[in-house]
Amino acid sequence: MTQLTTCLSPQLLPLHQIQDKIVVVVDILRATSSMVTAFAYNVESVTPVPTLADCRLFKNEGFVTAGERGGQKVEGFDLGNSPFDFMNHELQGRHLAFTTTNGSQAIVLASEAKQVLIGSFLNLSATAGYLMAQKSPVLILCAGWKGNFNIEDTLYAGALAQKLETTFEISDDASLAAITLYNGVAGHMKEFLGKSSHAKRLAGFKNQKDLEFCLKRDQFGFNVVLQNTRLLKLDPST
Ligand code: MLT
């Protein structure tokens with residue numbers, strides 16, 4: 001059986017060999033949830049950019065600049081990193097340059113992989129379905145927070161791994177722990193996550209609705225994939 005494994009922090013990524021794997025990068029709060037939402041509103045592409053300075057340069061090329069530092073919108077950027085910022089039909093056909101504290105960095109780190117997919121609860125079943133149809137080993141990469149483990153990305157890893165339990169061999173401790181955590185709190189994720197450090201950070205900005213939205217399962221039925229340096233909506237026929 002093909003293997004599925006989990007990497008609980010980008011700091012642990014050097015321990016994994018990713019060239020032959022599909023890597024699913026997840027930053028539930030909020031980067032990858034916001035990116036998937038942007039594609040639901042038909043943006044043409046999202047370019048993940050590691051630094052603020054580089055992201056600003058994209059503005060001169062007609063890109064929409066989006067992102068955050070410390071969870072807050074960056075001065076001079078067009079949009080922040082709330083999924084609600086991307087629920088705007090005027091973004092249809094636009095190219096976005098996106099920089100965040102953890103999520104966009106993790107995507108760039110994973111770019112050596114055979115393929116990079118963007119993970120979120122919002123399109124969980126679509127991602128599971130796509131991975132089931134492939135014959136490739138999978139690594140779920142949790143973006144975490146500044147190199148540290150976080151609960152929300154681990155919960156997603158557990159939810160995705162649990163959906164793939166009968167298709168993939170799952171025997172690494174990180175995936176087994178993630179599945180156990182997810183199974184324990186799946187019915188009350190919002191309450192459980194309220195105790196997490198990033199949820200408290202967002203609550204400090206009086207932001208509760210982002211957490212609620214990012215935990216909604218299966219709002220969208222498509223996948224998002226990295227192609228060279230840009231994220232694109234995956235053509236369902238591929
Ligand atoms: C990140 O990439 O660290 C985040 O998505 C942080 C946030 O804006 O919530």
# chains A, B, ... in the order shown; residues from 1 in each chain; ligands from 1
$ select_by_dssp --residues "stretch 41-133 of chain A" --states "helix (DSSP H, G or I)" --output "ChimeraX atom specification"
/A:52-59,83-86,89-91,103-112,121-133
$ write_last_selection --atoms "N, CA and C atoms" --output "short mmCIF file (atom, residue, chain, number, x, y, z; two decimals), in the first residue's frame"
data_model
loop_
_atom_site.label_atom_id
_atom_site.label_comp_id
_atom_site.auth_asym_id
_atom_site.auth_seq_id
_atom_site.Cartn_x
_atom_site.Cartn_y
_atom_site.Cartn_z
N LEU A 52 7.65 40.41 2.65
CA LEU A 52 6.80 41.58 2.40
C LEU A 52 7.35 42.41 1.24
N ALA A 53 8.67 42.58 1.24
CA ALA A 53 9.30 43.43 0.21
C ALA A 53 9.04 42.83 -1.18
N ASP A 54 9.24 41.53 -1.31
CA ASP A 54 9.01 40.91 -2.62
C ASP A 54 7.54 40.99 -3.02
N CYS A 55 6.67 40.84 -2.03
CA CYS A 55 5.24 40.88 -2.33
C CYS A 55 4.85 42.27 -2.86
N ARG A 56 5.43 43.31 -2.26
CA ARG A 56 5.12 44.68 -2.70
C ARG A 56 5.50 44.88 -4.17
N LEU A 57 6.59 44.22 -4.61
CA LEU A 57 7.04 44.40 -5.99
C LEU A 57 6.01 43.91 -7.00
N PHE A 58 5.22 42.90 -6.59
CA PHE A 58 4.21 42.36 -7.51
C PHE A 58 3.13 43.39 -7.84
N LYS A 59 2.94 44.34 -6.95
CA LYS A 59 1.92 45.39 -7.16
C LYS A 59 2.17 46.12 -8.49
N PRO A 83 -10.47 35.01 5.17
CA PRO A 83 -11.17 34.45 4.01
C PRO A 83 -12.25 35.38 3.48
N PHE A 84 -12.81 36.21 4.37
CA PHE A 84 -13.87 37.13 3.93
C PHE A 84 -13.34 38.23 3.01
N ASP A 85 -12.04 38.50 3.09
CA ASP A 85 -11.45 39.50 2.17
C ASP A 85 -11.51 39.03 0.72
N PHE A 86 -11.61 37.71 0.54
CA PHE A 86 -11.55 37.15 -0.83
C PHE A 86 -12.93 36.81 -1.38
N HIS A 89 -16.48 39.21 -5.89
CA HIS A 89 -16.50 38.82 -7.31
C HIS A 89 -15.61 39.71 -8.18
N GLU A 90 -15.22 40.86 -7.65
CA GLU A 90 -14.30 41.72 -8.43
C GLU A 90 -12.90 41.11 -8.54
N LEU A 91 -12.64 40.05 -7.76
CA LEU A 91 -11.33 39.39 -7.84
C LEU A 91 -11.26 38.39 -9.00
N GLY A 103 1.96 30.17 6.33
CA GLY A 103 1.40 29.36 5.23
C GLY A 103 2.12 29.53 3.91
N SER A 104 2.34 30.78 3.51
CA SER A 104 2.99 30.98 2.20
C SER A 104 4.43 30.49 2.23
N GLN A 105 5.07 30.59 3.40
CA GLN A 105 6.45 30.10 3.53
C GLN A 105 6.48 28.57 3.38
N ALA A 106 5.51 27.90 4.00
CA ALA A 106 5.49 26.43 3.95
C ALA A 106 5.27 25.95 2.51
N ILE A 107 4.45 26.68 1.75
CA ILE A 107 4.20 26.27 0.36
C ILE A 107 5.50 26.37 -0.44
N VAL A 108 6.22 27.46 -0.25
CA VAL A 108 7.49 27.64 -0.99
C VAL A 108 8.49 26.55 -0.57
N LEU A 109 8.52 26.22 0.72
CA LEU A 109 9.43 25.16 1.20
C LEU A 109 9.13 23.80 0.56
N ALA A 110 7.86 23.57 0.26
CA ALA A 110 7.44 22.26 -0.27
C ALA A 110 7.59 22.16 -1.79
N SER A 111 8.06 23.23 -2.42
CA SER A 111 7.97 23.28 -3.89
C SER A 111 8.85 22.25 -4.61
N GLU A 112 9.74 21.56 -3.89
CA GLU A 112 10.54 20.49 -4.50
C GLU A 112 9.74 19.19 -4.66
N PHE A 121 -10.16 22.61 5.43
CA PHE A 121 -11.41 21.90 5.70
C PHE A 121 -12.44 22.23 4.62
N LEU A 122 -12.31 23.41 4.03
CA LEU A 122 -13.31 23.89 3.07
C LEU A 122 -13.40 23.00 1.84
N ASN A 123 -12.30 22.31 1.50
CA ASN A 123 -12.33 21.40 0.34
C ASN A 123 -11.74 20.03 0.70
N LEU A 124 -11.97 19.62 1.94
CA LEU A 124 -11.38 18.38 2.47
C LEU A 124 -11.70 17.15 1.62
N SER A 125 -12.96 16.95 1.29
CA SER A 125 -13.32 15.72 0.56
C SER A 125 -12.79 15.75 -0.87
N ALA A 126 -12.73 16.93 -1.47
CA ALA A 126 -12.18 17.02 -2.84
C ALA A 126 -10.72 16.60 -2.82
N THR A 127 -9.98 17.03 -1.81
CA THR A 127 -8.56 16.67 -1.71
C THR A 127 -8.40 15.18 -1.45
N ALA A 128 -9.21 14.64 -0.55
CA ALA A 128 -9.14 13.20 -0.27
C ALA A 128 -9.44 12.40 -1.54
N GLY A 129 -10.46 12.83 -2.28
CA GLY A 129 -10.84 12.12 -3.51
C GLY A 129 -9.72 12.15 -4.53
N TYR A 130 -9.08 13.30 -4.69
CA TYR A 130 -7.99 13.42 -5.65
C TYR A 130 -6.83 12.51 -5.24
N LEU A 131 -6.47 12.52 -3.97
CA LEU A 131 -5.33 11.71 -3.51
C LEU A 131 -5.61 10.22 -3.67
N MET A 132 -6.85 9.82 -3.44
CA MET A 132 -7.22 8.40 -3.60
C MET A 132 -7.02 7.94 -5.04
N ALA A 133 -7.25 8.86 -5.97
CA ALA A 133 -7.15 8.51 -7.39
C ALA A 133 -5.69 8.47 -7.88
#
$ residues_near_ligand --ligand "ligand 1" --cutoff "10 Å" --atoms "only C-alpha atoms and all ligand atoms" --output "PyMOL selection string"
chain A and resi 26-35+67-73+80-83+98-107+143-146+198-199+201-202+210-211
$ closest_residue --among "A:Val138, A:Leu234, A:Met87, A:Leu181" --to "A:Leu4" --atoms "only C-alpha atoms"
A:Val138
$ closest_residue --among "A:Leu13, A:Leu215, A:Ala40, A:Val225" --to "A:Gln92" --atoms "only C-alpha atoms"
A:Ala40
$ residues_around --residues "A:Gln3" --least-positions-apart "2" --cutoff "10 Å" --atoms "only C-alpha atoms" --output "list in words"
Met1, Thr5, Lys21, Lys135, Ser136, Pro137, Val138, Leu139, Thr167, Phe168, Glu169, Ile170, Ser171 and Asp172 of chain A
$ residues_around --residues "A:Thr229" --least-positions-apart "2" --cutoff "10 Å" --atoms "only C-alpha atoms" --output "list in words"
Ser45, Val46, Thr47, Pro48, Val49, Ile107, Val108, Ser111, Leu226, Gln227, Leu231 and Leu232 of chain A
$ write_last_selection --atoms "N, CA and C atoms" --output "CSV table (one decimal), in the first residue's frame"
chain,number,residue,atom,x,y,z
A,45,SER,N,-4.8,33.2,-10.3
A,45,SER,CA,-3.7,32.6,-9.7
A,45,SER,C,-3.4,33.2,-8.3
A,46,VAL,N,-2.7,32.5,-7.5
A,46,VAL,CA,-2.1,33.0,-6.3
A,46,VAL,C,-0.7,32.7,-6.2
A,47,THR,N,0.2,33.7,-6.1
A,47,THR,CA,1.6,33.5,-6.0
A,47,THR,C,2.0,33.6,-4.5
A,48,PRO,N,2.4,32.5,-3.9
A,48,PRO,CA,2.9,32.6,-2.5
A,48,PRO,C,4.3,33.2,-2.4
A,49,VAL,N,4.4,34.3,-1.6
A,49,VAL,CA,5.7,35.0,-1.6
A,49,VAL,C,6.2,35.1,-0.2
A,107,ILE,N,4.5,26.7,1.8
A,107,ILE,CA,4.2,26.3,0.4
A,107,ILE,C,5.5,26.4,-0.4
A,108,VAL,N,6.2,27.5,-0.3
A,108,VAL,CA,7.5,27.6,-1.0
A,108,VAL,C,8.5,26.5,-0.6
A,111,SER,N,8.1,23.2,-2.4
A,111,SER,CA,8.0,23.3,-3.9
A,111,SER,C,8.8,22.3,-4.6
A,226,LEU,N,0.1,23.8,-6.9
A,226,LEU,CA,1.2,24.7,-7.2
A,226,LEU,C,1.8,24.3,-8.6
A,227,GLN,N,1.8,25.2,-9.5
A,227,GLN,CA,2.4,25.0,-10.8
A,227,GLN,C,3.5,26.0,-10.9
A,231,LEU,N,0.0,29.2,-7.6
A,231,LEU,CA,-1.1,28.3,-7.3
A,231,LEU,C,-2.2,28.5,-8.3
A,232,LEU,N,-2.8,27.4,-8.8
A,232,LEU,CA,-3.9,27.4,-9.7
A,232,LEU,C,-5.0,26.5,-9.3
$ select_by_dssp --residues "stretch 14-225 of chain A" --states "strand (DSSP E or B)" --output "PyMOL selection string"
chain A and resi 22-26+45-48+64-69+72-73+79+95-99+115-119+138-142+145+148+169+224-225
$ atom_distance --atom1 "atom CA of A:Pro236" --atom2 "atom CA of A:Gly62"
28.1 Å
$ closest_residue --among "A:Leu176, A:Leu160, A:Val185, A:Val24" --to "A:Asp218" --atoms "only C-alpha atoms"
A:Leu160
$ atom_distance --atom1 "atom CA of A:Asn150" --atom2 "atom CA of A:Gly221"
25.9 Å
$ residues_around --residues "A:Glu44" --least-positions-apart "2" --cutoff "6 Å" --atoms "only C-alpha atoms" --output "number ranges by chain"
A: 93-95
$ write_last_selection --atoms "N, CA and C atoms" --output "PDB file, in the first residue's frame"
ATOM      1  N   GLY A  93     -10.549  36.537 -12.153  1.00  0.00           N
ATOM      2  CA  GLY A  93      -9.546  36.722 -13.200  1.00  0.00           C
ATOM      3  C   GLY A  93      -8.281  37.436 -12.750  1.00  0.00           C
ATOM      4  N   ARG A  94      -8.223  37.844 -11.484  1.00  0.00           N
ATOM      5  CA  ARG A  94      -7.046  38.601 -11.004  1.00  0.00           C
ATOM      6  C   ARG A  94      -5.946  37.657 -10.518  1.00  0.00           C
ATOM      7  N   HIS A  95      -4.737  38.154 -10.547  1.00  0.00           N
ATOM      8  CA  HIS A  95      -3.574  37.434 -10.018  1.00  0.00           C
ATOM      9  C   HIS A  95      -3.245  38.018  -8.650  1.00  0.00           C
TER      10      HIS A  95
END
$ closest_residue --among "A:Leu79, A:Ala174, A:Ala113, A:Leu193" --to "A:Cys142" --atoms "only C-alpha atoms"
A:Ala174
$ closest_residue --among "A:Asn88, A:Ser9, A:Gln134, A:Thr166" --to "A:Ile151" --atoms "only C-alpha atoms"
A:Ser9
